[in-house]
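Next comes final.pdb, a file with PDB, N, CA and C atoms and all ligand atoms.
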MODEL        1
ATOM      1  N   MET A 471     101.186 174.590  74.437
ATOM      2  CA  MET A 471     100.249 174.845  73.380
ATOM      3  C   MET A 471     100.707 176.069  72.618
ATOM      4  N   GLU A 472     100.388 176.057  71.349
ATOM      5  CA  GLU A 472     100.763 177.190  70.520
ATOM      6  C   GLU A 472      99.802 178.348  70.741
ATOM      7  N   ILE A 473     100.344 179.561  70.750
ATOM      8  CA  ILE A 473      99.532 180.773  70.854
ATOM      9  C   ILE A 473      99.511 181.374  69.463
ATOM     10  N   ILE A 474      98.334 181.485  68.892
ATOM     11  CA  ILE A 474      98.223 181.913  67.493
ATOM     12  C   ILE A 474      97.472 183.232  67.383
ATOM     13  N   ARG A 475      97.742 183.894  66.281
ATOM     14  CA  ARG A 475      97.052 185.146  65.966
ATOM     15  C   ARG A 475      96.602 185.055  64.512
ATOM     16  N   PRO A 476      95.340 185.418  64.240
ATOM     17  CA  PRO A 476      94.874 185.397  62.845
ATOM     18  C   PRO A 476      95.639 186.419  62.012
ATOM     19  N   VAL A 477      96.003 186.037  60.798
ATOM     20  CA  VAL A 477      96.686 186.932  59.866
ATOM     21  C   VAL A 477      95.908 186.907  58.557
ATOM     22  N   GLU A 478      95.483 188.086  58.129
ATOM     23  CA  GLU A 478      94.681 188.175  56.915
ATOM     24  C   GLU A 478      95.450 187.619  55.718
ATOM     25  N   GLY A 479      94.815 186.710  55.016
ATOM     26  CA  GLY A 479      95.410 186.122  53.837
ATOM     27  C   GLY A 479      96.290 184.912  54.111
ATOM     28  N   LEU A 480      96.722 184.731  55.351
ATOM     29  CA  LEU A 480      97.605 183.612  55.697
ATOM     30  C   LEU A 480      96.943 182.609  56.630
ATOM     31  N   GLY A 481      95.777 182.955  57.147
ATOM     32  CA  GLY A 481      95.109 182.070  58.096
ATOM     33  C   GLY A 481      95.490 182.427  59.516
ATOM     34  N   PHE A 482      96.644 181.948  59.961
ATOM     35  CA  PHE A 482      97.096 182.287  61.313
ATOM     36  C   PHE A 482      98.607 182.194  61.374
ATOM     37  N   LYS A 483      99.146 182.766  62.456
ATOM     38  CA  LYS A 483     100.585 182.751  62.678
ATOM     39  C   LYS A 483     100.829 182.379  64.139
ATOM     40  N   VAL A 484     101.820 181.518  64.382
ATOM     41  CA  VAL A 484     102.195 181.172  65.750
ATOM     42  C   VAL A 484     103.037 182.315  66.310
ATOM     43  N   ILE A 485     102.550 182.947  67.363
ATOM     44  CA  ILE A 485     103.270 184.081  67.955
ATOM     45  C   ILE A 485     103.881 183.735  69.307
ATOM     46  N   GLY A 486     103.603 182.532  69.778
ATOM     47  CA  GLY A 486     104.171 182.141  71.059
ATOM     48  C   GLY A 486     103.758 180.724  71.420
ATOM     49  N   LYS A 487     104.262 180.277  72.558
ATOM     50  CA  LYS A 487     103.893 178.953  73.059
ATOM     51  C   LYS A 487     103.780 179.030  74.569
ATOM     52  N   GLN A 488     102.866 178.211  75.106
ATOM     53  CA  GLN A 488     102.714 178.078  76.548
ATOM     54  C   GLN A 488     103.031 176.645  76.925
ATOM     55  N   CYS A 489     103.865 176.480  77.933
ATOM     56  CA  CYS A 489     104.233 175.136  78.394
ATOM     57  C   CYS A 489     103.017 174.502  79.078
ATOM     58  N   ASP A 490     102.702 173.278  78.676
ATOM     59  CA  ASP A 490     101.569 172.575  79.275
ATOM     60  C   ASP A 490     101.883 172.056  80.669
ATOM     61  N   CYS A 491     103.144 172.147  81.078
ATOM     62  CA  CYS A 491     103.526 171.691  82.417
ATOM     63  C   CYS A 491     103.562 172.863  83.402
ATOM     64  N   CYS A 492     104.415 173.850  83.167
ATOM     65  CA  CYS A 492     104.578 174.959  84.125
ATOM     66  C   CYS A 492     103.679 176.150  83.806
ATOM     67  N   LYS A 493     103.036 176.125  82.633
ATOM     68  CA  LYS A 493     102.091 177.174  82.201
ATOM     69  C   LYS A 493     102.753 178.508  81.854
ATOM     70  N   ARG A 494     104.096 178.575  81.924
ATOM     71  CA  ARG A 494     104.771 179.810  81.515
ATOM     72  C   ARG A 494     104.641 179.965  80.003
ATOM     73  N   ASP A 495     104.566 181.205  79.530
ATOM     74  CA  ASP A 495     104.477 181.400  78.087
ATOM     75  C   ASP A 495     105.595 182.298  77.584
ATOM     76  N   TRP A 496     105.986 182.055  76.344
ATOM     77  CA  TRP A 496     106.990 182.846  75.657
ATOM     78  C   TRP A 496     106.356 183.349  74.370
ATOM     79  N   ARG A 497     106.625 184.602  74.051
ATOM     80  CA  ARG A 497     106.031 185.199  72.848
ATOM     81  C   ARG A 497     107.126 185.857  72.024
ATOM     82  N   SER A 498     107.071 185.576  70.724
ATOM     83  CA  SER A 498     108.162 185.987  69.837
ATOM     84  C   SER A 498     108.321 187.497  69.768
ATOM     85  N   TYR A 499     107.268 188.262  69.959
ATOM     86  CA  TYR A 499     107.352 189.714  69.801
ATOM     87  C   TYR A 499     107.909 190.426  71.033
ATOM     88  N   ARG A 500     108.040 189.705  72.135
ATOM     89  CA  ARG A 500     108.526 190.355  73.356
ATOM     90  C   ARG A 500     110.036 190.600  73.319
ATOM     91  N   SER A 501     110.790 189.587  72.891
ATOM     92  CA  SER A 501     112.246 189.740  72.841
ATOM     93  C   SER A 501     112.831 188.623  71.982
ATOM     94  N   PHE A 502     114.067 188.839  71.539
ATOM     95  CA  PHE A 502     114.742 187.810  70.752
ATOM     96  C   PHE A 502     114.970 186.556  71.595
ATOM     97  N   ASP A 503     115.290 186.737  72.884
ATOM     98  CA  ASP A 503     115.493 185.578  73.763
ATOM     99  C   ASP A 503     114.217 184.739  73.869
ATOM    100  N   GLU A 504     113.075 185.399  73.966
ATOM    101  CA  GLU A 504     111.819 184.641  74.035
ATOM    102  C   GLU A 504     111.546 183.930  72.716
ATOM    103  N   GLU A 505     111.890 184.578  71.606
ATOM    104  CA  GLU A 505     111.704 183.930  70.304
ATOM    105  C   GLU A 505     112.560 182.669  70.214
ATOM    106  N   LEU A 506     113.798 182.740  70.723
ATOM    107  CA  LEU A 506     114.671 181.564  70.694
ATOM    108  C   LEU A 506     114.114 180.436  71.550
ATOM    109  N   GLU A 507     113.487 180.774  72.667
ATOM    110  CA  GLU A 507     112.914 179.737  73.534
ATOM    111  C   GLU A 507     111.853 178.914  72.806
ATOM    112  N   LEU A 508     111.174 179.524  71.858
ATOM    113  CA  LEU A 508     110.121 178.797  71.131
ATOM    114  C   LEU A 508     110.691 177.607  70.374
ATOM    115  N   PHE A 509     111.945 177.724  69.927
ATOM    116  CA  PHE A 509     112.570 176.631  69.178
ATOM    117  C   PHE A 509     112.986 175.477  70.086
ATOM    118  N   GLU A 510     112.998 175.726  71.390
ATOM    119  CA  GLU A 510     113.438 174.692  72.337
ATOM    120  C   GLU A 510     112.280 173.878  72.896
ATOM    121  N   PHE A 511     111.069 174.164  72.452
ATOM    122  CA  PHE A 511     109.921 173.404  72.930
ATOM    123  C   PHE A 511     109.942 171.975  72.388
ATOM    124  N   THR A 512     109.438 171.053  73.194
ATOM    125  CA  THR A 512     109.302 169.652  72.799
ATOM    126  C   THR A 512     107.824 169.306  72.768
ATOM    127  N   ARG A 513     107.393 168.699  71.666
ATOM    128  CA  ARG A 513     106.000 168.248  71.561
ATOM    129  C   ARG A 513     105.951 166.737  71.726
ATOM    130  N   ILE A 514     105.106 166.292  72.620
ATOM    131  CA  ILE A 514     104.899 164.867  72.848
ATOM    132  C   ILE A 514     103.487 164.527  72.402
ATOM    133  N   GLU A 515     103.375 163.516  71.554
ATOM    134  CA  GLU A 515     102.060 163.094  71.079
ATOM    135  C   GLU A 515     101.839 161.638  71.463
ATOM    136  N   VAL A 516     100.636 161.346  71.930
ATOM    137  CA  VAL A 516     100.240 159.983  72.278
ATOM    138  C   VAL A 516      99.002 159.634  71.467
ATOM    139  N   ARG A 517      99.066 158.500  70.787
ATOM    140  CA  ARG A 517      97.896 157.984  70.069
ATOM    141  C   ARG A 517      97.571 156.623  70.670
ATOM    142  N   ALA A 518      96.516 156.591  71.433
ATOM    143  CA  ALA A 518      96.144 155.349  72.106
ATOM    144  C   ALA A 518      95.474 154.401  71.120
ATOM    145  N   GLY A 519      95.938 153.192  71.095
ATOM    146  CA  GLY A 519      95.381 152.200  70.180
ATOM    147  C   GLY A 519      94.276 151.403  70.848
ATOM    148  N   TYR A 520      93.908 150.322  70.204
ATOM    149  CA  TYR A 520      92.876 149.447  70.735
ATOM    150  C   TYR A 520      93.415 148.737  71.970
ATOM    151  N   ALA A 521      92.600 148.571  72.982
ATOM    152  CA  ALA A 521      92.952 147.886  74.227
ATOM    153  C   ALA A 521      93.944 148.681  75.074
ATOM    154  N   ALA A 522      93.965 149.982  74.913
ATOM    155  CA  ALA A 522      94.804 150.803  75.780
ATOM    156  C   ALA A 522      94.293 150.691  77.204
ATOM    157  N   GLU A 523      95.209 150.537  78.142
ATOM    158  CA  GLU A 523      94.795 150.416  79.542
ATOM    159  C   GLU A 523      94.941 151.712  80.319
ATOM    160  N   ARG A 524      95.804 152.615  79.870
ATOM    161  CA  ARG A 524      96.010 153.854  80.594
ATOM    162  C   ARG A 524      95.365 155.051  79.888
ATOM    163  N   PHE A 525      94.968 154.870  78.631
ATOM    164  CA  PHE A 525      94.298 155.924  77.877
ATOM    165  C   PHE A 525      93.002 155.354  77.319
ATOM    166  N   VAL A 526      92.154 156.212  76.811
ATOM    167  CA  VAL A 526      90.920 155.772  76.176
ATOM    168  C   VAL A 526      91.252 155.353  74.746
ATOM    169  N   ASP A 527      90.769 154.193  74.337
ATOM    170  CA  ASP A 527      91.040 153.685  72.990
ATOM    171  C   ASP A 527      90.788 154.758  71.942
ATOM    172  N   GLY A 528      91.791 154.969  71.097
ATOM    173  CA  GLY A 528      91.647 155.902  69.995
ATOM    174  C   GLY A 528      91.908 157.359  70.339
ATOM    175  N   ASP A 529      92.109 157.648  71.600
ATOM    176  CA  ASP A 529      92.370 159.043  71.969
ATOM    177  C   ASP A 529      93.698 159.521  71.400
ATOM    178  N   GLN A 530      93.751 160.785  71.041
ATOM    179  CA  GLN A 530      94.983 161.430  70.605
ATOM    180  C   GLN A 530      95.252 162.562  71.585
ATOM    181  N   LEU A 531      96.453 162.550  72.169
ATOM    182  CA  LEU A 531      96.801 163.545  73.184
ATOM    183  C   LEU A 531      98.114 164.210  72.812
ATOM    184  N   VAL A 532      98.292 165.438  73.269
ATOM    185  CA  VAL A 532      99.510 166.175  72.947
ATOM    186  C   VAL A 532      99.901 167.052  74.130
ATOM    187  N   ALA A 533     101.204 167.258  74.293
ATOM    188  CA  ALA A 533     101.716 168.184  75.307
ATOM    189  C   ALA A 533     102.910 168.915  74.722
ATOM    190  N   ASP A 534     102.953 170.213  74.915
ATOM    191  CA  ASP A 534     104.105 171.020  74.527
ATOM    192  C   ASP A 534     104.837 171.411  75.807
ATOM    193  N   LEU A 535     106.115 171.064  75.867
ATOM    194  CA  LEU A 535     106.907 171.317  77.070
ATOM    195  C   LEU A 535     108.039 172.277  76.773
ATOM    196  N   CYS A 536     108.237 173.244  77.676
ATOM    197  CA  CYS A 536     109.399 174.116  77.558
ATOM    198  C   CYS A 536     110.645 173.274  77.832
ATOM    199  N   GLN A 537     111.817 173.805  77.481
ATOM    200  CA  GLN A 537     113.028 173.011  77.644
ATOM    201  C   GLN A 537     113.309 172.673  79.107
ATOM    202  N   TYR A 538     112.869 173.536  80.020
ATOM    203  CA  TYR A 538     113.135 173.315  81.438
ATOM    204  C   TYR A 538     112.286 172.156  81.982
ATOM    205  N   CYS A 539     111.021 172.120  81.591
ATOM    206  CA  CYS A 539     110.150 171.029  82.027
ATOM    207  C   CYS A 539     110.499 169.730  81.300
ATOM    208  N   ALA A 540     110.868 169.825  80.008
ATOM    209  CA  ALA A 540     111.260 168.619  79.273
ATOM    210  C   ALA A 540     112.456 167.976  79.945
ATOM    211  N   TYR A 541     113.424 168.795  80.334
ATOM    212  CA  TYR A 541     114.611 168.254  81.001
ATOM    213  C   TYR A 541     114.241 167.672  82.364
ATOM    214  N   ALA A 542     113.426 168.407  83.135
ATOM    215  CA  ALA A 542     113.055 167.960  84.478
ATOM    216  C   ALA A 542     112.235 166.671  84.440
ATOM    217  N   ARG A 543     111.339 166.566  83.461
ATOM    218  CA  ARG A 543     110.427 165.414  83.415
ATOM    219  C   ARG A 543     110.989 164.235  82.624
ATOM    220  N   LEU A 544     111.762 164.517  81.572
ATOM    221  CA  LEU A 544     112.183 163.451  80.656
ATOM    222  C   LEU A 544     113.683 163.217  80.631
ATOM    223  N   GLY A 545     114.441 164.148  81.206
ATOM    224  CA  GLY A 545     115.892 164.099  81.073
ATOM    225  C   GLY A 545     116.515 162.773  81.457
ATOM    226  N   LYS A 546     115.986 162.109  82.470
ATOM    227  CA  LYS A 546     116.598 160.862  82.941
ATOM    228  C   LYS A 546     116.265 159.659  82.065
ATOM    229  N   ILE A 547     115.220 159.747  81.227
ATOM    230  CA  ILE A 547     114.849 158.576  80.420
ATOM    231  C   ILE A 547     115.185 158.739  78.947
ATOM    232  N   LEU A 548     115.541 159.962  78.517
ATOM    233  CA  LEU A 548     115.877 160.163  77.106
ATOM    234  C   LEU A 548     117.223 159.526  76.785
ATOM    235  N   ARG A 549     117.299 158.891  75.624
ATOM    236  CA  ARG A 549     118.554 158.294  75.157
ATOM    237  C   ARG A 549     119.282 159.299  74.274
ATOM    238  N   HIS A 550     120.577 159.429  74.471
ATOM    239  CA  HIS A 550     121.387 160.373  73.693
ATOM    240  C   HIS A 550     121.790 159.698  72.386
ATOM    241  N   LEU A 551     121.363 160.274  71.268
ATOM    242  CA  LEU A 551     121.645 159.673  69.962
ATOM    243  C   LEU A 551     122.811 160.340  69.240
ATOM    244  N   GLY A 552     123.268 161.446  69.761
ATOM    245  CA  GLY A 552     124.346 162.170  69.092
ATOM    246  C   GLY A 552     124.138 163.644  69.288
ATOM    247  N   ASN A 553     124.895 164.441  68.511
ATOM    248  CA  ASN A 553     124.825 165.888  68.617
ATOM    249  C   ASN A 553     124.903 166.454  67.210
ATOM    250  N   ILE A 554     123.894 167.239  66.824
ATOM    251  CA  ILE A 554     123.835 167.739  65.449
ATOM    252  C   ILE A 554     124.943 168.739  65.154
ATOM    253  N   PHE A 555     125.597 169.268  66.168
ATOM    254  CA  PHE A 555     126.663 170.248  65.948
ATOM    255  C   PHE A 555     128.053 169.623  65.914
ATOM    256  N   GLU A 556     128.130 168.323  66.233
ATOM    257  CA  GLU A 556     129.422 167.652  66.161
ATOM    258  C   GLU A 556     129.761 167.370  64.710
ATOM    259  N   VAL A 557     130.987 167.644  64.345
ATOM    260  CA  VAL A 557     131.441 167.378  62.983
ATOM    261  C   VAL A 557     132.102 166.004  62.987
ATOM    262  N   PRO A 558     131.613 165.104  62.144
ATOM    263  CA  PRO A 558     132.238 163.788  62.109
ATOM    264  C   PRO A 558     133.673 163.872  61.608
ATOM    265  N   PRO A 559     134.527 162.990  62.066
ATOM    266  CA  PRO A 559     135.910 163.012  61.594
ATOM    267  C   PRO A 559     135.940 162.894  60.071
ATOM    268  N   SER A 560     136.749 163.718  59.459
ATOM    269  CA  SER A 560     136.820 163.675  57.985
ATOM    270  C   SER A 560     137.478 162.378  57.543
ATOM    271  N   SER A 561     136.922 161.839  56.504
ATOM    272  CA  SER A 561     137.485 160.593  55.991
ATOM    273  C   SER A 561     138.437 160.906  54.842
ATOM    274  N   GLY A 562     139.621 160.457  54.971
ATOM    275  CA  GLY A 562     140.580 160.612  53.897
ATOM    276  C   GLY A 562     141.354 161.917  53.916
ATOM    277  N   ALA A 563     140.940 162.880  54.738
ATOM    278  CA  ALA A 563     141.658 164.142  54.782
ATOM    279  C   ALA A 563     143.018 163.939  55.428
ATOM    280  N   GLY A 564     144.000 164.503  54.838
ATOM    281  CA  GLY A 564     145.351 164.413  55.386
ATOM    282  C   GLY A 564     145.992 163.044  55.173
ATOM    283  N   GLY A 565     145.382 162.223  54.403
ATOM    284  CA  GLY A 565     145.913 160.883  54.139
ATOM    285  C   GLY A 565     147.248 160.967  53.403
ATOM    286  N   GLY A 566     147.543 160.211  52.593
ATOM    287  CA  GLY A 566     148.760 160.291  51.817
ATOM    288  C   GLY A 566     149.921 159.572  52.476
ATOM    289  N   GLY A 567     149.674 158.601  53.164
ATOM    290  CA  GLY A 567     150.806 157.913  53.747
ATOM    291  C   GLY A 567     150.745 156.517  53.491
TER     292      GLY A 567
HETATM  293 ZN    ZN A 601     107.578 174.397  81.428
ENDMDL
END

Show how you would write the structure in this file as structure tokens.
Ligand SMILES: [Zn+2]
Amino acid sequence: MEIIRPVEGLGFKVIGKQCDCCKRDWRSYRSFDEELELFEFTRIEVRAGYAAERFVDGDQLVADLCQYCAYARLGKILRHLGNIFEVPPSSGAGGGG
């Protein structure tokens, strides 16, 4: 869950997050490392439709997981789609033959 603080004129500001699984919290003002951890959180949302058998019809649920719990709980079922830091092979570069 997000930890928020009211900010005059802006409404509120997210200053940290607490993992809904392990309950550990990270706050941006404590250290740069803790601020970086906030970017690694995963949010899972469930919207139960009509005739849901495991949830109440129409319920909306959410969980924020730290990277450690996300990996521990979801790591084995997540499909790898690629890597945003991989550079695709250049097309046509060095051609000329
Ligand atoms: Zn956690």

Counting all atoms listed in the file, what are the residues of chain A within 6 Å of ligand ZN 601 (chain A), and for each of them which pair of atoms is the nearest and at what distance in Å, to one decimal? Sort the table by chain and rising number, as JSON lines.
{"residue": "A:Cys489", "atom": "CA", "partner": "A:ZN601", "partner_atom": "ZN", "distance": 4.6}
{"residue": "A:Asp490", "atom": "N", "partner": "A:ZN601", "partner_atom": "ZN", "distance": 5.7}
{"residue": "A:Cys491", "atom": "C", "partner": "A:ZN601", "partner_atom": "ZN", "distance": 4.7}
{"residue": "A:Cys492", "atom": "N", "partner": "A:ZN601", "partner_atom": "ZN", "distance": 3.7}
{"residue": "A:Lys493", "atom": "N", "partner": "A:ZN601", "partner_atom": "ZN", "distance": 5.0}
{"residue": "A:Arg494", "atom": "N", "partner": "A:ZN601", "partner_atom": "ZN", "distance": 5.5}
{"residue": "A:Leu535", "atom": "C", "partner": "A:ZN601", "partner_atom": "ZN", "distance": 5.1}
{"residue": "A:Cys536", "atom": "N", "partner": "A:ZN601", "partner_atom": "ZN", "distance": 4.0}
{"residue": "A:Gln537", "atom": "N", "partner": "A:ZN601", "partner_atom": "ZN", "distance": 5.8}
{"residue": "A:Tyr538", "atom": "C", "partner": "A:ZN601", "partner_atom": "ZN", "distance": 5.2}
{"residue": "A:Cys539", "atom": "N", "partner": "A:ZN601", "partner_atom": "ZN", "distance": 4.1}
{"residue": "A:Ala540", "atom": "N", "partner": "A:ZN601", "partner_atom": "ZN", "distance": 5.8}

Could you pull out the alpha helix (DSSP H) residues of chain A, going by DSSP on the backbone, and write them as a VMD selection string?
chain A and resid 502 to 508 537 to 544

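Residue nearest Gln488 (chain A), chosen from A:Ser560, A:Met471, A:Glu507, A:Gly552 and counting all atoms listed in the file: A:Met471.
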
Taken to one decimal, the atom C of Ile514 (chain A)-atom N of Lys487 (chain A) distance is 15.8 Å

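One distance worth recording is that between atom C of Arg500 (chain A) and atom N of Arg513 (chain A), which is 22.1 Å.
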
Quick check for you: according to DSSP on this backbone, which residues of region 504-550 of chain A are classed as strand (DSSP E or B)? Reply as JSON, numbers by chain.
{"A": [512, 513, 514, 515, 516, 517, 530, 531, 532, 533, 534, 535]}

Create the file for the chosen residues now, containing N, CA and C atoms and written as a PDB file, in the coordinates of the input.
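out-v7.pdb, freshly written:
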ATOM      1  N   THR A 512     109.438 171.053  73.194  1.00  0.00           N
ATOM      2  CA  THR A 512     109.302 169.652  72.799  1.00  0.00           C
ATOM      3  C   THR A 512     107.824 169.306  72.768  1.00  0.00           C
ATOM      4  N   ARG A 513     107.393 168.699  71.666  1.00  0.00           N
ATOM      5  CA  ARG A 513     106.000 168.248  71.561  1.00  0.00           C
ATOM      6  C   ARG A 513     105.951 166.737  71.726  1.00  0.00           C
ATOM      7  N   ILE A 514     105.106 166.292  72.620  1.00  0.00           N
ATOM      8  CA  ILE A 514     104.899 164.867  72.848  1.00  0.00           C
ATOM      9  C   ILE A 514     103.487 164.527  72.402  1.00  0.00           C
ATOM     10  N   GLU A 515     103.375 163.516  71.554  1.00  0.00           N
ATOM     11  CA  GLU A 515     102.060 163.094  71.079  1.00  0.00           C
ATOM     12  C   GLU A 515     101.839 161.638  71.463  1.00  0.00           C
ATOM     13  N   VAL A 516     100.636 161.346  71.930  1.00  0.00           N
ATOM     14  CA  VAL A 516     100.240 159.983  72.278  1.00  0.00           C
ATOM     15  C   VAL A 516      99.002 159.634  71.467  1.00  0.00           C
ATOM     16  N   ARG A 517      99.066 158.500  70.787  1.00  0.00           N
ATOM     17  CA  ARG A 517      97.896 157.984  70.069  1.00  0.00           C
ATOM     18  C   ARG A 517      97.571 156.623  70.670  1.00  0.00           C
ATOM     19  N   GLN A 530      93.751 160.785  71.041  1.00  0.00           N
ATOM     20  CA  GLN A 530      94.983 161.430  70.605  1.00  0.00           C
ATOM     21  C   GLN A 530      95.252 162.562  71.585  1.00  0.00           C
ATOM     22  N   LEU A 531      96.453 162.550  72.169  1.00  0.00           N
ATOM     23  CA  LEU A 531      96.801 163.545  73.184  1.00  0.00           C
ATOM     24  C   LEU A 531      98.114 164.210  72.812  1.00  0.00           C
ATOM     25  N   VAL A 532      98.292 165.438  73.269  1.00  0.00           N
ATOM     26  CA  VAL A 532      99.510 166.175  72.947  1.00  0.00           C
ATOM     27  C   VAL A 532      99.901 167.052  74.130  1.00  0.00           C
ATOM     28  N   ALA A 533     101.204 167.258  74.293  1.00  0.00           N
ATOM     29  CA  ALA A 533     101.716 168.184  75.307  1.00  0.00           C
ATOM     30  C   ALA A 533     102.910 168.915  74.722  1.00  0.00           C
ATOM     31  N   ASP A 534     102.953 170.213  74.915  1.00  0.00           N
ATOM     32  CA  ASP A 534     104.105 171.020  74.527  1.00  0.00           C
ATOM     33  C   ASP A 534     104.837 171.411  75.807  1.00  0.00           C
ATOM     34  N   LEU A 535     106.115 171.064  75.867  1.00  0.00           N
ATOM     35  CA  LEU A 535     106.907 171.317  77.070  1.00  0.00           C
ATOM     36  C   LEU A 535     108.039 172.277  76.773  1.00  0.00           C
TER      37      LEU A 535
END

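When the distance limit is 6.5 Å and all atoms listed in the file are what count, the residues near Asp529 (chain A), minus those fewer than 6 positions from it on the same chain, are Val516, Arg517, Ala518 and Gly519 of chain A.
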
Hits of the PyMOL selection byres (((chain A and resi 497 and name CA) around 12) and not hetatm and name CA) in this structure, as a PDB file with N, CA and C atoms, in the coordinates of the input:
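The result, stored in part-v2.pdb:
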ATOM      1  N   MET A 471     101.186 174.590  74.437  1.00  0.00           N
ATOM      2  CA  MET A 471     100.249 174.845  73.380  1.00  0.00           C
ATOM      3  C   MET A 471     100.707 176.069  72.618  1.00  0.00           C
ATOM      4  N   GLU A 472     100.388 176.057  71.349  1.00  0.00           N
ATOM      5  CA  GLU A 472     100.763 177.190  70.520  1.00  0.00           C
ATOM      6  C   GLU A 472      99.802 178.348  70.741  1.00  0.00           C
ATOM      7  N   ILE A 473     100.344 179.561  70.750  1.00  0.00           N
ATOM      8  CA  ILE A 473      99.532 180.773  70.854  1.00  0.00           C
ATOM      9  C   ILE A 473      99.511 181.374  69.463  1.00  0.00           C
ATOM     10  N   ILE A 474      98.334 181.485  68.892  1.00  0.00           N
ATOM     11  CA  ILE A 474      98.223 181.913  67.493  1.00  0.00           C
ATOM     12  C   ILE A 474      97.472 183.232  67.383  1.00  0.00           C
ATOM     13  N   ARG A 475      97.742 183.894  66.281  1.00  0.00           N
ATOM     14  CA  ARG A 475      97.052 185.146  65.966  1.00  0.00           C
ATOM     15  C   ARG A 475      96.602 185.055  64.512  1.00  0.00           C
ATOM     16  N   LYS A 483      99.146 182.766  62.456  1.00  0.00           N
ATOM     17  CA  LYS A 483     100.585 182.751  62.678  1.00  0.00           C
ATOM     18  C   LYS A 483     100.829 182.379  64.139  1.00  0.00           C
ATOM     19  N   VAL A 484     101.820 181.518  64.382  1.00  0.00           N
ATOM     20  CA  VAL A 484     102.195 181.172  65.750  1.00  0.00           C
ATOM     21  C   VAL A 484     103.037 182.315  66.310  1.00  0.00           C
ATOM     22  N   ILE A 485     102.550 182.947  67.363  1.00  0.00           N
ATOM     23  CA  ILE A 485     103.270 184.081  67.955  1.00  0.00           C
ATOM     24  C   ILE A 485     103.881 183.735  69.307  1.00  0.00           C
ATOM     25  N   GLY A 486     103.603 182.532  69.778  1.00  0.00           N
ATOM     26  CA  GLY A 486     104.171 182.141  71.059  1.00  0.00           C
ATOM     27  C   GLY A 486     103.758 180.724  71.420  1.00  0.00           C
ATOM     28  N   LYS A 487     104.262 180.277  72.558  1.00  0.00           N
ATOM     29  CA  LYS A 487     103.893 178.953  73.059  1.00  0.00           C
ATOM     30  C   LYS A 487     103.780 179.030  74.569  1.00  0.00           C
ATOM     31  N   GLN A 488     102.866 178.211  75.106  1.00  0.00           N
ATOM     32  CA  GLN A 488     102.714 178.078  76.548  1.00  0.00           C
ATOM     33  C   GLN A 488     103.031 176.645  76.925  1.00  0.00           C
ATOM     34  N   CYS A 489     103.865 176.480  77.933  1.00  0.00           N
ATOM     35  CA  CYS A 489     104.233 175.136  78.394  1.00  0.00           C
ATOM     36  C   CYS A 489     103.017 174.502  79.078  1.00  0.00           C
ATOM     37  N   ARG A 494     104.096 178.575  81.924  1.00  0.00           N
ATOM     38  CA  ARG A 494     104.771 179.810  81.515  1.00  0.00           C
ATOM     39  C   ARG A 494     104.641 179.965  80.003  1.00  0.00           C
ATOM     40  N   ASP A 495     104.566 181.205  79.530  1.00  0.00           N
ATOM     41  CA  ASP A 495     104.477 181.400  78.087  1.00  0.00           C
ATOM     42  C   ASP A 495     105.595 182.298  77.584  1.00  0.00           C
ATOM     43  N   TRP A 496     105.986 182.055  76.344  1.00  0.00           N
ATOM     44  CA  TRP A 496     106.990 182.846  75.657  1.00  0.00           C
ATOM     45  C   TRP A 496     106.356 183.349  74.370  1.00  0.00           C
ATOM     46  N   SER A 498     107.071 185.576  70.724  1.00  0.00           N
ATOM     47  CA  SER A 498     108.162 185.987  69.837  1.00  0.00           C
ATOM     48  C   SER A 498     108.321 187.497  69.768  1.00  0.00           C
ATOM     49  N   TYR A 499     107.268 188.262  69.959  1.00  0.00           N
ATOM     50  CA  TYR A 499     107.352 189.714  69.801  1.00  0.00           C
ATOM     51  C   TYR A 499     107.909 190.426  71.033  1.00  0.00           C
ATOM     52  N   ARG A 500     108.040 189.705  72.135  1.00  0.00           N
ATOM     53  CA  ARG A 500     108.526 190.355  73.356  1.00  0.00           C
ATOM     54  C   ARG A 500     110.036 190.600  73.319  1.00  0.00           C
ATOM     55  N   SER A 501     110.790 189.587  72.891  1.00  0.00           N
ATOM     56  CA  SER A 501     112.246 189.740  72.841  1.00  0.00           C
ATOM     57  C   SER A 501     112.831 188.623  71.982  1.00  0.00           C
ATOM     58  N   PHE A 502     114.067 188.839  71.539  1.00  0.00           N
ATOM     59  CA  PHE A 502     114.742 187.810  70.752  1.00  0.00           C
ATOM     60  C   PHE A 502     114.970 186.556  71.595  1.00  0.00           C
ATOM     61  N   ASP A 503     115.290 186.737  72.884  1.00  0.00           N
ATOM     62  CA  ASP A 503     115.493 185.578  73.763  1.00  0.00           C
ATOM     63  C   ASP A 503     114.217 184.739  73.869  1.00  0.00           C
ATOM     64  N   GLU A 504     113.075 185.399  73.966  1.00  0.00           N
ATOM     65  CA  GLU A 504     111.819 184.641  74.035  1.00  0.00           C
ATOM     66  C   GLU A 504     111.546 183.930  72.716  1.00  0.00           C
ATOM     67  N   GLU A 505     111.890 184.578  71.606  1.00  0.00           N
ATOM     68  CA  GLU A 505     111.704 183.930  70.304  1.00  0.00           C
ATOM     69  C   GLU A 505     112.560 182.669  70.214  1.00  0.00           C
ATOM     70  N   LEU A 506     113.798 182.740  70.723  1.00  0.00           N
ATOM     71  CA  LEU A 506     114.671 181.564  70.694  1.00  0.00           C
ATOM     72  C   LEU A 506     114.114 180.436  71.550  1.00  0.00           C
ATOM     73  N   GLU A 507     113.487 180.774  72.667  1.00  0.00           N
ATOM     74  CA  GLU A 507     112.914 179.737  73.534  1.00  0.00           C
ATOM     75  C   GLU A 507     111.853 178.914  72.806  1.00  0.00           C
ATOM     76  N   LEU A 508     111.174 179.524  71.858  1.00  0.00           N
ATOM     77  CA  LEU A 508     110.121 178.797  71.131  1.00  0.00           C
ATOM     78  C   LEU A 508     110.691 177.607  70.374  1.00  0.00           C
ATOM     79  N   PHE A 509     111.945 177.724  69.927  1.00  0.00           N
ATOM     80  CA  PHE A 509     112.570 176.631  69.178  1.00  0.00           C
ATOM     81  C   PHE A 509     112.986 175.477  70.086  1.00  0.00           C
TER      82      PHE A 509
END
